[in-house]
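S.K.: Input final_19.cif, format and content: mmCIF, C-alpha atoms.
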data_protein
loop_
_atom_site.group_PDB
_atom_site.id
_atom_site.type_symbol
_atom_site.label_atom_id
_atom_site.label_comp_id
_atom_site.auth_asym_id
_atom_site.auth_seq_id
_atom_site.Cartn_x
_atom_site.Cartn_y
_atom_site.Cartn_z
ATOM 1 C CA MET A 1 -4.846 27.172 53.321
ATOM 2 C CA TYR A 2 -3.292 29.816 55.571
ATOM 3 C CA ASP A 3 -5.366 32.613 53.974
ATOM 4 C CA THR A 4 -8.543 30.540 54.339
ATOM 5 C CA TYR A 5 -7.836 29.950 58.042
ATOM 6 C CA LYS A 6 -7.039 33.630 58.510
ATOM 7 C CA ARG A 7 -10.341 34.665 56.858
ATOM 8 C CA LYS A 8 -12.283 32.263 59.089
ATOM 9 C CA ILE A 9 -10.717 33.688 62.253
ATOM 10 C CA ILE A 10 -11.291 37.269 61.068
ATOM 11 C CA GLY A 11 -14.885 36.356 60.185
ATOM 12 C CA PHE A 12 -15.397 34.913 63.679
ATOM 13 C CA TYR A 13 -14.064 38.127 65.213
ATOM 14 C CA GLU A 14 -16.228 40.372 63.002
ATOM 15 C CA ARG A 15 -19.403 38.388 63.737
ATOM 16 C CA ARG A 16 -18.952 37.906 67.467
ATOM 17 C CA LYS A 17 -16.832 40.967 68.369
ATOM 18 C CA ARG A 18 -14.388 38.764 70.275
ATOM 19 C CA MET A 19 -11.480 36.514 69.430
ATOM 20 C CA PRO A 20 -12.084 32.754 69.295
ATOM 21 C CA GLY A 21 -10.479 30.350 71.734
ATOM 22 C CA TYR A 22 -8.270 27.438 70.634
ATOM 23 C CA GLN A 23 -11.193 24.987 70.482
ATOM 24 C CA GLU A 24 -13.277 27.454 68.469
ATOM 25 C CA ILE A 25 -10.373 27.904 66.043
ATOM 26 C CA MET A 26 -10.151 24.113 65.663
ATOM 27 C CA THR A 27 -13.875 23.983 64.868
ATOM 28 C CA ALA A 28 -13.820 26.975 62.487
ATOM 29 C CA THR A 29 -10.750 25.855 60.536
ATOM 30 C CA GLY A 30 -11.202 22.091 60.701
ATOM 31 C CA LEU A 31 -7.697 21.646 62.119
ATOM 32 C CA ALA A 32 -7.400 18.337 63.946
ATOM 33 C CA SER A 33 -5.072 19.230 66.826
ATOM 34 C CA LYS A 34 -4.336 22.003 69.264
ATOM 35 C CA ASN A 35 -0.718 21.854 68.116
ATOM 36 C CA SER A 36 -1.828 22.809 64.577
ATOM 37 C CA VAL A 37 -3.891 25.667 66.044
ATOM 38 C CA TYR A 38 -0.874 26.762 68.118
ATOM 39 C CA LYS A 39 1.322 26.912 64.979
ATOM 40 C CA LEU A 40 -1.385 28.811 63.068
ATOM 41 C CA ILE A 41 -1.771 31.329 65.896
ATOM 42 C CA ASN A 42 1.991 31.895 66.043
ATOM 43 C CA LYS A 43 2.029 32.592 62.286
ATOM 44 C CA LEU A 44 -0.921 35.002 62.653
ATOM 45 C CA VAL A 45 0.901 36.785 65.504
ATOM 46 C CA GLU A 46 4.062 36.989 63.389
ATOM 47 C CA ASP A 47 2.036 38.535 60.527
ATOM 48 C CA GLY A 48 0.380 41.100 62.840
ATOM 49 C CA VAL A 49 -3.131 39.659 62.459
ATOM 50 C CA LEU A 50 -3.295 38.678 66.147
ATOM 51 C CA THR A 51 -1.507 39.547 69.359
ATOM 52 C CA LYS A 52 -1.081 37.238 72.311
ATOM 53 C CA ASP A 53 -0.551 38.257 75.922
ATOM 54 C CA ARG A 54 1.509 36.426 78.559
ATOM 55 C CA ARG A 55 -1.432 34.157 79.388
ATOM 56 C CA GLY A 56 -1.967 33.243 75.743
ATOM 57 C CA ARG A 57 -5.154 35.300 75.322
ATOM 58 C CA LEU A 58 -5.664 36.513 71.782
ATOM 59 C CA SER A 59 -6.455 40.052 70.649
ATOM 60 C CA PRO A 60 -6.832 41.584 67.210
ATOM 61 C CA GLY A 61 -3.506 42.751 65.822
ATOM 62 C CA ARG A 62 -2.656 45.886 63.867
ATOM 63 C CA ALA A 63 -3.256 44.158 60.532
ATOM 64 C CA LEU A 64 -6.795 43.229 61.625
ATOM 65 C CA VAL A 65 -7.993 46.508 63.144
ATOM 66 C CA GLY A 66 -5.859 48.972 61.241
ATOM 67 C CA VAL A 67 -6.138 50.713 57.899
ATOM 68 C CA PRO A 68 -3.328 50.382 55.321
ATOM 69 C CA LEU A 69 -0.934 53.347 55.141
ATOM 70 C CA LEU A 70 -0.085 53.271 51.436
ATOM 71 C CA GLY A 71 2.248 56.186 50.942
ATOM 72 C CA LEU A 72 2.507 59.937 50.642
ATOM 73 C CA VAL A 73 0.476 62.382 48.596
ATOM 74 C CA GLU A 74 1.787 65.747 47.449
ATOM 75 C CA ALA A 75 -0.264 68.673 48.755
ATOM 76 C CA GLY A 76 1.795 71.190 46.793
ATOM 77 C CA PHE A 77 2.870 70.697 43.176
ATOM 78 C CA PRO A 78 1.688 67.485 41.485
ATOM 79 C CA SER A 79 4.111 64.578 41.447
ATOM 80 C CA ALA A 80 4.037 60.992 40.257
ATOM 81 C CA ALA A 81 1.872 58.916 42.582
ATOM 82 C CA GLU A 82 3.451 55.820 44.010
ATOM 83 C CA GLU A 83 1.396 53.354 45.962
ATOM 84 C CA GLU A 84 3.251 51.071 48.305
ATOM 85 C CA LEU A 85 2.220 49.556 51.594
ATOM 86 C CA LEU A 86 4.222 51.462 54.209
ATOM 87 C CA ASP A 87 2.470 50.143 57.291
ATOM 88 C CA VAL A 88 -0.912 49.356 58.793
ATOM 89 C CA MET A 89 -2.280 52.144 60.931
ATOM 90 C CA ASP A 90 -4.677 51.715 63.840
ATOM 91 C CA PHE A 91 -6.413 55.092 64.230
ATOM 92 C CA ASP A 92 -7.419 54.334 67.810
ATOM 93 C CA GLU A 93 -3.798 53.698 68.800
ATOM 94 C CA TYR A 94 -2.567 56.681 66.751
ATOM 95 C CA LEU A 95 -5.074 59.197 68.118
ATOM 96 C CA THR A 96 -5.269 57.986 71.725
ATOM 97 C CA PRO A 97 -2.004 56.372 72.806
ATOM 98 C CA ASN A 98 -2.875 57.275 76.425
ATOM 99 C CA LYS A 99 -6.456 55.910 76.445
ATOM 100 C CA GLU A 100 -6.991 56.004 80.199
ATOM 101 C CA ASN A 101 -6.517 59.799 80.244
ATOM 102 C CA SER A 102 -8.175 60.628 76.913
ATOM 103 C CA TYR A 103 -11.683 61.432 75.781
ATOM 104 C CA ILE A 104 -13.450 63.014 72.803
ATOM 105 C CA LEU A 105 -15.508 66.210 72.640
ATOM 106 C CA LYS A 106 -17.670 67.546 69.808
ATOM 107 C CA VAL A 107 -16.859 71.145 68.872
ATOM 108 C CA LYS A 108 -19.519 73.841 69.104
ATOM 109 C CA GLY A 109 -18.692 77.400 68.074
ATOM 110 C CA GLU A 110 -16.172 79.111 65.815
ATOM 111 C CA SER A 111 -13.525 80.575 68.124
ATOM 112 C CA MET A 112 -10.830 78.097 66.987
ATOM 113 C CA ILE A 113 -11.435 78.144 63.209
ATOM 114 C CA ASP A 114 -8.019 79.656 62.397
ATOM 115 C CA ALA A 115 -6.411 76.714 64.219
ATOM 116 C CA GLY A 116 -8.287 74.383 61.846
ATOM 117 C CA ILE A 117 -10.915 73.390 64.423
ATOM 118 C CA CYS A 118 -14.442 73.862 63.061
ATOM 119 C CA PRO A 119 -17.971 73.372 64.433
ATOM 120 C CA GLY A 120 -18.906 69.689 64.292
ATOM 121 C CA ASP A 121 -15.293 68.478 64.478
ATOM 122 C CA LEU A 122 -14.310 66.005 67.165
ATOM 123 C CA VAL A 123 -11.315 66.864 69.332
ATOM 124 C CA ILE A 124 -9.314 64.243 71.175
ATOM 125 C CA VAL A 125 -8.208 65.580 74.528
ATOM 126 C CA GLU A 126 -5.908 64.214 77.199
ATOM 127 C CA ARG A 127 -5.727 64.981 80.902
ATOM 128 C CA ARG A 128 -2.131 65.715 81.921
ATOM 129 C CA ALA A 129 -0.279 66.712 85.046
ATOM 130 C CA THR A 130 1.090 69.904 83.469
ATOM 131 C CA TYR A 131 0.098 72.233 80.650
ATOM 132 C CA LYS A 132 2.228 74.715 78.704
ATOM 133 C CA PRO A 133 1.468 78.064 77.100
ATOM 134 C CA GLY A 134 0.855 77.598 73.375
ATOM 135 C CA GLN A 135 -1.138 74.398 73.777
ATOM 136 C CA ILE A 136 -4.816 74.256 72.841
ATOM 137 C CA VAL A 137 -6.580 73.376 76.075
ATOM 138 C CA ILE A 138 -9.997 72.659 77.516
ATOM 139 C CA ALA A 139 -10.357 75.144 80.357
ATOM 140 C CA SER A 140 -12.930 75.805 83.027
ATOM 141 C CA ILE A 141 -13.618 79.371 84.146
ATOM 142 C CA GLU A 142 -16.061 79.670 87.011
ATOM 143 C CA GLY A 143 -17.580 76.300 86.056
ATOM 144 C CA GLU A 144 -17.982 77.047 82.310
ATOM 145 C CA TYR A 145 -15.874 75.193 79.729
ATOM 146 C CA THR A 146 -14.143 76.511 76.627
ATOM 147 C CA MET A 147 -11.400 75.491 74.206
ATOM 148 C CA LYS A 148 -8.669 78.058 73.499
ATOM 149 C CA TYR A 149 -4.910 78.496 73.305
ATOM 150 C CA LEU A 150 -3.334 78.757 76.746
ATOM 151 C CA ARG A 151 -1.188 81.904 76.917
ATOM 152 C CA LYS A 152 0.857 83.575 79.645
ATOM 153 C CA SER A 153 1.511 87.276 80.199
ATOM 154 C CA GLY A 154 3.884 87.887 83.079
ATOM 155 C CA GLU A 155 2.635 85.680 85.908
ATOM 156 C CA HIS A 156 -0.936 85.442 84.628
ATOM 157 C CA TYR A 157 -2.496 82.928 82.263
ATOM 158 C CA TYR A 158 -5.190 83.786 79.760
ATOM 159 C CA LEU A 159 -7.105 82.051 76.971
ATOM 160 C CA ASP A 160 -6.603 83.123 73.381
ATOM 161 C CA PRO A 161 -9.058 82.269 70.572
ATOM 162 C CA ALA A 162 -7.960 81.410 67.035
ATOM 163 C CA ASN A 163 -10.480 83.710 65.378
ATOM 164 C CA ALA A 164 -10.109 87.514 65.181
ATOM 165 C CA ALA A 165 -13.860 87.920 65.770
ATOM 166 C CA PHE A 166 -13.364 86.718 69.379
ATOM 167 C CA LYS A 167 -11.466 88.406 72.212
ATOM 168 C CA PRO A 168 -8.978 86.783 74.572
ATOM 169 C CA ILE A 169 -10.330 85.740 77.957
ATOM 170 C CA TYR A 170 -8.470 87.114 80.980
ATOM 171 C CA PRO A 171 -10.005 85.209 83.883
ATOM 172 C CA LYS A 172 -10.621 87.208 87.032
ATOM 173 C CA GLY A 173 -11.724 84.120 88.922
ATOM 174 C CA ASN A 174 -10.636 80.525 89.016
ATOM 175 C CA LEU A 175 -9.059 79.148 85.793
ATOM 176 C CA THR A 176 -8.686 75.364 85.690
ATOM 177 C CA ILE A 177 -7.083 73.531 82.789
ATOM 178 C CA GLU A 178 -8.938 70.252 82.318
ATOM 179 C CA ALA A 179 -7.137 68.751 79.314
ATOM 180 C CA VAL A 180 -4.992 69.456 76.243
ATOM 181 C CA VAL A 181 -6.187 68.933 72.686
ATOM 182 C CA THR A 182 -4.078 66.217 71.016
ATOM 183 C CA GLY A 183 -6.009 65.678 67.785
ATOM 184 C CA VAL A 184 -8.867 66.798 65.583
ATOM 185 C CA VAL A 185 -11.136 64.524 63.553
ATOM 186 C CA ARG A 186 -13.254 65.824 60.715
ATOM 187 C CA LYS A 187 -15.435 63.661 58.508
ATOM 188 C CA TYR A 188 -16.484 64.912 55.093
#
Turn the structure described in the file into structure tokens.
M.R.:
Amino acid sequence: MYDTYKRKIIGFYERRKRMPGYQEIMTATGLASKNSVYKLINKLVEDGVLTKDRRGRLSPGRALVGVPLLGLVEAGFPSAAEEELLDVMDFDEYLTPNKENSYILKVKGESMIDAGICPGDLVIVERRATYKPGQIVIASIEGEYTMKYLRKSGEHYYLDPANAAFKPIYPKGNLTIEAVVTGVVRKY
């Protein structure tokens, strides 16, 4: 019965894009008491299907919104494949752990190809208090934005592309670092 109840709650969430309340869970599952719903919810929280905050409000858990992480794959010499459930991964949590300071940009241009960032890719960027040379940053030079490696020569910062066809940018005016690139997403 547990799996049936779980499917009904997941179905409610997928249809309505919100978690059901206790009364709605009673109706959906046919459970006769709030105590039964309470026990079911605690089991779903324990299994990672739901999370519950201090006020008892329900949210989807990692097992509900994540994708299974099944194992490792060899990118070098072939090896025996072993499939085992290692964890459930939530891409949103993985790519943007600091959501309030993060945003996504679509890449235009080829100046970062040798860093593995191609036209059409999405980059996840995060605003931070400090930036370090060597990081890939989103920078503003005289009001125009670009993505490059942040480099330092002596006391001066400059922007270095990851493509030999492009030249480094040595700003004569105001250089402002807006954010640092924390991830790249490419869909095939």
S.K.: Which one is closest to A:Leu95: A:Ala165, A:Ile113, A:Leu40, A:Ile124? Count only C-alpha atoms.
M.R.: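 Once distances to A:Leu95 are computed over only C-alpha atoms, the minimum belongs to A:Ile124.
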S.K.: By how many Å are atom CA of A:Asn163 and atom CA of A:Ser111 apart?
M.R.: 5.2 Å
S.K.: Which is closer to A:Gly109 than all the others in A:Ala162, A:Ile169, A:Val37, A:Ile10, using all atoms listed in the file?
M.R.: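 Closest to A:Gly109 of all the choices is A:Ala162.
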S.K.: For a cutoff of 10 Å around the file-coordinate point (-0.3, 67.0, 67.4), which residues qualify once you count only C-alpha atoms? I'd like the result as a PyMOL selection string.
M.R.: chain A and resi 95+135+181-184
S.K.: Counting only C-alpha atoms, which of A:Leu175, A:Met19, A:Ile9, A:Leu31 gets nearest to A:Ile141?
M.R.: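 For A:Ile141, the nearest of the given residues is A:Leu175.
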S.K.: Starting from the PyMOL selection byres ((chain A and resi 143-158) around 9), expand the selection into actual residues of this file and give them as a PyMOL selection string.
M.R.: chain A and resi 107+111-112+131-142+159-162+168-171+174-178+181
S.K.: In terms of the shortest atom-to-atom distance over all atoms listed in the file, which of A:Tyr22, A:Tyr103, A:Phe91, A:Tyr13 is closest to A:Arg62?
M.R.: A:Phe91
S.K.: Please complete stretch 26-52 of chain A so it has N, CA and C atoms, and hand it over as an mmCIF file, in the frame of the given file.
M.R.:
data_model
loop_
_atom_site.group_PDB
_atom_site.id
_atom_site.type_symbol
_atom_site.label_atom_id
_atom_site.label_comp_id
_atom_site.auth_asym_id
_atom_site.auth_seq_id
_atom_site.Cartn_x
_atom_site.Cartn_y
_atom_site.Cartn_z
ATOM 1 N N MET A 26 -10.162 25.476 66.205
ATOM 2 C CA MET A 26 -10.151 24.113 65.663
ATOM 3 C C MET A 26 -11.440 23.839 64.903
ATOM 4 N N THR A 27 -12.570 24.213 65.495
ATOM 5 C CA THR A 27 -13.875 23.983 64.868
ATOM 6 C C THR A 27 -14.014 24.807 63.585
ATOM 7 N N ALA A 28 -13.652 26.087 63.637
ATOM 8 C CA ALA A 28 -13.820 26.975 62.487
ATOM 9 C C ALA A 28 -12.925 26.588 61.313
ATOM 10 N N THR A 29 -11.711 26.138 61.602
ATOM 11 C CA THR A 29 -10.750 25.855 60.536
ATOM 12 C C THR A 29 -10.745 24.389 60.117
ATOM 13 N N GLY A 30 -11.245 23.515 61.000
ATOM 14 C CA GLY A 30 -11.202 22.091 60.701
ATOM 15 C C GLY A 30 -9.873 21.452 61.039
ATOM 16 N N LEU A 31 -8.979 22.217 61.706
ATOM 17 C CA LEU A 31 -7.697 21.646 62.119
ATOM 18 C C LEU A 31 -7.950 20.565 63.162
ATOM 19 N N ALA A 32 -7.139 19.511 63.119
ATOM 20 C CA ALA A 32 -7.400 18.337 63.946
ATOM 21 C C ALA A 32 -6.736 18.362 65.312
ATOM 22 N N SER A 33 -5.773 19.256 65.536
ATOM 23 C CA SER A 33 -5.072 19.230 66.826
ATOM 24 C C SER A 33 -4.814 20.642 67.336
ATOM 25 N N LYS A 34 -4.667 20.713 68.655
ATOM 26 C CA LYS A 34 -4.336 22.003 69.264
ATOM 27 C C LYS A 34 -2.936 22.447 68.859
ATOM 28 N N ASN A 35 -2.059 21.509 68.565
ATOM 29 C CA ASN A 35 -0.718 21.854 68.116
ATOM 30 C C ASN A 35 -0.784 22.586 66.771
ATOM 31 N N SER A 36 -1.656 22.131 65.875
ATOM 32 C CA SER A 36 -1.828 22.809 64.577
ATOM 33 C C SER A 36 -2.377 24.219 64.788
ATOM 34 N N VAL A 37 -3.323 24.351 65.724
ATOM 35 C CA VAL A 37 -3.891 25.667 66.044
ATOM 36 C C VAL A 37 -2.799 26.564 66.626
ATOM 37 N N TYR A 38 -1.973 26.023 67.502
ATOM 38 C CA TYR A 38 -0.874 26.762 68.118
ATOM 39 C C TYR A 38 0.067 27.310 67.037
ATOM 40 N N LYS A 39 0.430 26.482 66.064
ATOM 41 C CA LYS A 39 1.322 26.912 64.979
ATOM 42 C C LYS A 39 0.653 27.984 64.120
ATOM 43 N N LEU A 40 -0.644 27.819 63.845
ATOM 44 C CA LEU A 40 -1.385 28.811 63.068
ATOM 45 C C LEU A 40 -1.419 30.147 63.801
ATOM 46 N N ILE A 41 -1.710 30.098 65.096
ATOM 47 C CA ILE A 41 -1.771 31.329 65.896
ATOM 48 C C ILE A 41 -0.410 32.031 65.895
ATOM 49 N N ASN A 42 0.657 31.289 66.058
ATOM 50 C CA ASN A 42 1.991 31.895 66.043
ATOM 51 C C ASN A 42 2.281 32.579 64.709
ATOM 52 N N LYS A 43 1.848 31.980 63.604
ATOM 53 C CA LYS A 43 2.029 32.592 62.286
ATOM 54 C C LYS A 43 1.178 33.858 62.176
ATOM 55 N N LEU A 44 -0.055 33.831 62.692
ATOM 56 C CA LEU A 44 -0.921 35.002 62.653
ATOM 57 C C LEU A 44 -0.366 36.129 63.530
ATOM 58 N N VAL A 45 0.252 35.788 64.646
ATOM 59 C CA VAL A 45 0.901 36.785 65.504
ATOM 60 C C VAL A 45 2.099 37.382 64.769
ATOM 61 N N GLU A 46 2.890 36.536 64.147
ATOM 62 C CA GLU A 46 4.062 36.989 63.389
ATOM 63 C C GLU A 46 3.658 37.944 62.260
ATOM 64 N N ASP A 47 2.516 37.699 61.638
ATOM 65 C CA ASP A 47 2.036 38.535 60.527
ATOM 66 C C ASP A 47 1.256 39.764 60.995
ATOM 67 N N GLY A 48 1.067 39.923 62.313
ATOM 68 C CA GLY A 48 0.380 41.100 62.840
ATOM 69 C C GLY A 48 -1.139 41.005 62.820
ATOM 70 N N VAL A 49 -1.679 39.830 62.485
ATOM 71 C CA VAL A 49 -3.131 39.659 62.459
ATOM 72 C C VAL A 49 -3.669 39.535 63.881
ATOM 73 N N LEU A 50 -2.918 38.873 64.751
ATOM 74 C CA LEU A 50 -3.295 38.678 66.147
ATOM 75 C C LEU A 50 -2.159 39.131 67.055
ATOM 76 N N THR A 51 -2.508 39.385 68.310
ATOM 77 C CA THR A 51 -1.507 39.547 69.359
ATOM 78 C C THR A 51 -1.861 38.555 70.453
ATOM 79 N N LYS A 52 -0.870 38.211 71.243
ATOM 80 C CA LYS A 52 -1.081 37.238 72.311
ATOM 81 C C LYS A 52 -0.412 37.774 73.559
#
